[in-house]
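Below: the structure, in structure tokens.
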Number of protein chains: 2
Amino acid sequence: MPAAAIDTQFTADPGALDGTVVAVIPAPRDAVFRCYAQPELLARWWSPPSLEVRIERFEAHTGGSWRMLNIDGDGNEFAFRGVFHEVAAPERIVQTFEYEGAPGSVCLQTATFREVDGGTEVTEHAVFTSVADRDGMADQGWRDFAPVGMAQLAEVARGL
Amino acid sequence: MPAAAIDTQFTADPGALDGTVVAVIPAPRDAVFRCYAQPELLARWWSPPSLEVRIERFEAHTGGSWRMLNIDGDGNEFAFRGVFHEVAAPERIVQTFEYEGAPGSVCLQTATFREVDGGTEVTEHAVFTSVADRDGMADQGWRDFAPVGMAQLAEVARGL
């Protein structure tokens, strides 16, 4: 059964270097934060259902680093990696992100968690080093996956 | 004696999230790269001459982190910190940067080193999470310090 829909706003103004995803997750902030900071929880919502997730390294603390893989049904691996600039529970995570298949295309991601009526407002902001990189990320999955990911996140967070 | 001038271009388009410094340093690329990657060399050019530099941590490798302090004549300390997303000698360093006095204002910096006639072209690109942060950094020292820093860098690199 697919996860219940979560209203998700994706914004990427033409010509800008950044993009933003905002959604309200009907779960307590601590639970939502844990879904970002605990690898076994992250693995349950971070990817499209068709892809397996393998977490190779996930040092969710300021100064730590991470590497995760998506694996498709044919066994093809897609690796992503980055470093944690700041992990400030339960409010904020600032990290870098790079798809190893497009080396040099790095972005800085800030996830912010705010208590609101109805649960926790999640804001994911990402800023890129070029508009082309930003557009590429938006068009190759980010925009389409955002509502799917937020629905999956809600499902995992509500179960905690 | 102040360092000899180095032609330095600083670009920060109005309303954009990023800024760029470009200069040609009359020294071999390996030497210029070392001035960014070796803390004892970095400390010699990274700051205005009026400030002392103290390097508390400088793990110049992919996944490492760093923390440096500027200390003025009255003993006031100004701390900066970040993580290294990538250190790829002698071509590129990608890292985060935050002034601890303005917590939450983080930028992603990419320094690129290219062999050109006359030496090494250095491009420092920084992208911020808001235009206000970018403008603040540009106005509070970045724009003014860029040519000073590049001249000091040239002085150190030429001496290697």
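Residues are referred to by chain and number: the chain letter is A, B, ... according to the order shown in the structure tokens, the number counts from 1 in that chain, and ligands are numbered separately from 1 in the order shown.
Using only C-alpha atoms, the contacts of Ala146 in chain A at a cut-off of 9 Å, with sequence neighbours closer than 6 positions omitted, comprise Thr8, Gln9, Phe10 and Val21 of chain A.
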*Taking only C-alpha atoms into account, report as number ranges by chain which residues of chain B lie within 8 Å of chain A.*
B: 16-18, 63-65, 82-85, 96, 107-108, 125-129
Just the residues within 8 Å of range 138-141 of chain B, please, counting only C-alpha atoms, with nothing from its chain fewer than 3 positions along; format it as a PDB file with N, CA, C and O atoms, in the first residue's frame.
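result.pdb, written as the output of this step:
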```pdb
ATOM      1  N   ALA B  12      30.218  39.387  -7.447  1.00  0.00           N
ATOM      2  CA  ALA B  12      29.058  38.994  -6.635  1.00  0.00           C
ATOM      3  C   ALA B  12      27.857  39.727  -7.237  1.00  0.00           C
ATOM      4  O   ALA B  12      27.566  40.865  -6.863  1.00  0.00           O
ATOM      5  N   GLY B  19      29.419  34.096  -4.924  1.00  0.00           N
ATOM      6  CA  GLY B  19      30.453  35.070  -5.220  1.00  0.00           C
ATOM      7  C   GLY B  19      31.716  34.337  -5.626  1.00  0.00           C
ATOM      8  O   GLY B  19      31.903  33.156  -5.284  1.00  0.00           O
ATOM      9  N   ARG B 134      25.206  36.108   1.790  1.00  0.00           N
ATOM     10  CA  ARG B 134      26.232  36.389   0.766  1.00  0.00           C
ATOM     11  C   ARG B 134      26.655  37.856   0.834  1.00  0.00           C
ATOM     12  O   ARG B 134      27.854  38.193   0.838  1.00  0.00           O
ATOM     13  N   ASP B 135      25.662  38.757   0.888  1.00  0.00           N
ATOM     14  CA  ASP B 135      25.968  40.188   0.955  1.00  0.00           C
ATOM     15  C   ASP B 135      26.737  40.535   2.232  1.00  0.00           C
ATOM     16  O   ASP B 135      27.677  41.329   2.194  1.00  0.00           O
ATOM     17  N   ASP B 144      36.977  43.224   0.219  1.00  0.00           N
ATOM     18  CA  ASP B 144      38.173  44.027   0.497  1.00  0.00           C
ATOM     19  C   ASP B 144      39.412  43.161   0.713  1.00  0.00           C
ATOM     20  O   ASP B 144      40.518  43.542   0.340  1.00  0.00           O
ATOM     21  N   PHE B 145      39.190  41.999   1.325  1.00  0.00           N
ATOM     22  CA  PHE B 145      40.351  41.171   1.650  1.00  0.00           C
ATOM     23  C   PHE B 145      40.856  40.377   0.449  1.00  0.00           C
ATOM     24  O   PHE B 145      42.041  40.006   0.396  1.00  0.00           O
TER      25      PHE B 145
END
```
*Looking only at the backbone, which of the residues in chain A does DSSP tag as strand (DSSP E), as a PyMOL selection string?*
chain A and resi 8-11+18-25+52-58+65-71+77-88+92-99+106-116+119-128
*Can you tell me, as a list in words, what residues are no more than 9 Å from Ala4 in chain A when counting only C-alpha atoms, ignoring any on the same chain fewer than 6 positions away?*
Ala151, Gln152, Ala154 and Glu155 of chain A
How about saving the chosen residues, C-alpha atoms kept, as a compact mmCIF listing (two decimals), in the first residue's frame?
```txt
# COMPACT_ATOMS: atom_id res chain seq x y z
CA ALA A 151 4.80 10.65 2.31
CA GLN A 152 7.25 7.85 3.07
CA ALA A 154 5.46 10.59 7.37
CA GLU A 155 4.75 6.87 7.34
```
*Thr120 in chain A environment, 6 Å, only C-alpha atoms, sequence neighbours closer than 2 positions dropped, as number ranges by chain*: A: 24-25, 29, 114-116
*Of the residues A:Leu51, A:Ala37, A:Ala43, A:Ala5, which is the one nearest to Asp74 in chain A, using only C-alpha atoms?*
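Among the listed residues, A:Leu51 lies closest to Asp74 in chain A.
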_For the structure I just gave you, how does DSSP split range 3-155 of chain A - specifically, which residues are alpha helix (DSSP H)? Reply as a PyMOL selection string._
chain A and resi 29-37+39-42+131-137+143-155
Write out the residues from the selection above, keeping C-alpha atoms, as a PDB file, in the first residue's frame.
```
ATOM      1  CA  ARG A  29       9.632  16.724  15.887  1.00  0.00           C
ATOM      2  CA  ASP A  30      11.887  14.266  17.690  1.00  0.00           C
ATOM      3  CA  ALA A  31      10.495  11.422  15.601  1.00  0.00           C
ATOM      4  CA  VAL A  32      10.914  13.333  12.332  1.00  0.00           C
ATOM      5  CA  PHE A  33      14.444  14.330  13.244  1.00  0.00           C
ATOM      6  CA  ARG A  34      15.334  10.730  14.019  1.00  0.00           C
ATOM      7  CA  CYS A  35      14.141   9.746  10.536  1.00  0.00           C
ATOM      8  CA  TYR A  36      16.958  11.944   9.166  1.00  0.00           C
ATOM      9  CA  ALA A  37      19.631  11.132  11.716  1.00  0.00           C
ATOM     10  CA  PRO A  39      20.428   5.424   9.208  1.00  0.00           C
ATOM     11  CA  GLU A  40      18.081   2.470   9.709  1.00  0.00           C
ATOM     12  CA  LEU A  41      15.117   4.894   9.696  1.00  0.00           C
ATOM     13  CA  LEU A  42      16.460   7.021   6.833  1.00  0.00           C
ATOM     14  CA  VAL A 131      22.159  26.684 -12.081  1.00  0.00           C
ATOM     15  CA  ALA A 132      22.763  23.772 -14.470  1.00  0.00           C
ATOM     16  CA  ASP A 133      23.522  21.487 -11.515  1.00  0.00           C
ATOM     17  CA  ARG A 134      20.408  22.718  -9.714  1.00  0.00           C
ATOM     18  CA  ASP A 135      18.248  22.199 -12.812  1.00  0.00           C
ATOM     19  CA  GLY A 136      19.731  18.762 -13.396  1.00  0.00           C
ATOM     20  CA  MET A 137      18.938  17.667  -9.864  1.00  0.00           C
ATOM     21  CA  ARG A 143      10.951  17.469  -7.982  1.00  0.00           C
ATOM     22  CA  ASP A 144       9.113  14.209  -8.691  1.00  0.00           C
ATOM     23  CA  PHE A 145      10.442  12.376  -5.664  1.00  0.00           C
ATOM     24  CA  ALA A 146       9.763  15.153  -3.118  1.00  0.00           C
ATOM     25  CA  PRO A 147       6.069  14.283  -2.419  1.00  0.00           C
ATOM     26  CA  VAL A 148       6.846  10.558  -2.506  1.00  0.00           C
ATOM     27  CA  GLY A 149       9.690  10.988  -0.045  1.00  0.00           C
ATOM     28  CA  MET A 150       7.657  13.184   2.292  1.00  0.00           C
ATOM     29  CA  ALA A 151       4.800  10.646   2.305  1.00  0.00           C
ATOM     30  CA  GLN A 152       7.250   7.851   3.074  1.00  0.00           C
ATOM     31  CA  LEU A 153       8.880   9.980   5.784  1.00  0.00           C
ATOM     32  CA  ALA A 154       5.460  10.589   7.374  1.00  0.00           C
ATOM     33  CA  GLU A 155       4.747   6.870   7.338  1.00  0.00           C
TER      34      GLU A 155
END
```
*What does the distance between CA of Val53 in chain B and CA of Ile93 in chain B come to in Å, to one decimal place?*
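CA of Ile93 in chain B lies 20.5 Å from CA of Val53 in chain B.
Residues within 8 Å of Glu56 in chain B, counting only C-alpha atoms and excluding same-chain residues fewer than 3 positions away, are Trp66, Arg67, Met68 and Leu69 of chain B.
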*Can you tell me how far CA of Ile6 in chain A sits from CA of Ala23 in chain A, in Å to one decimal?*
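Atom-to-atom, CA of Ile6 in chain A and CA of Ala23 in chain A are spaced 7.1 Å apart.
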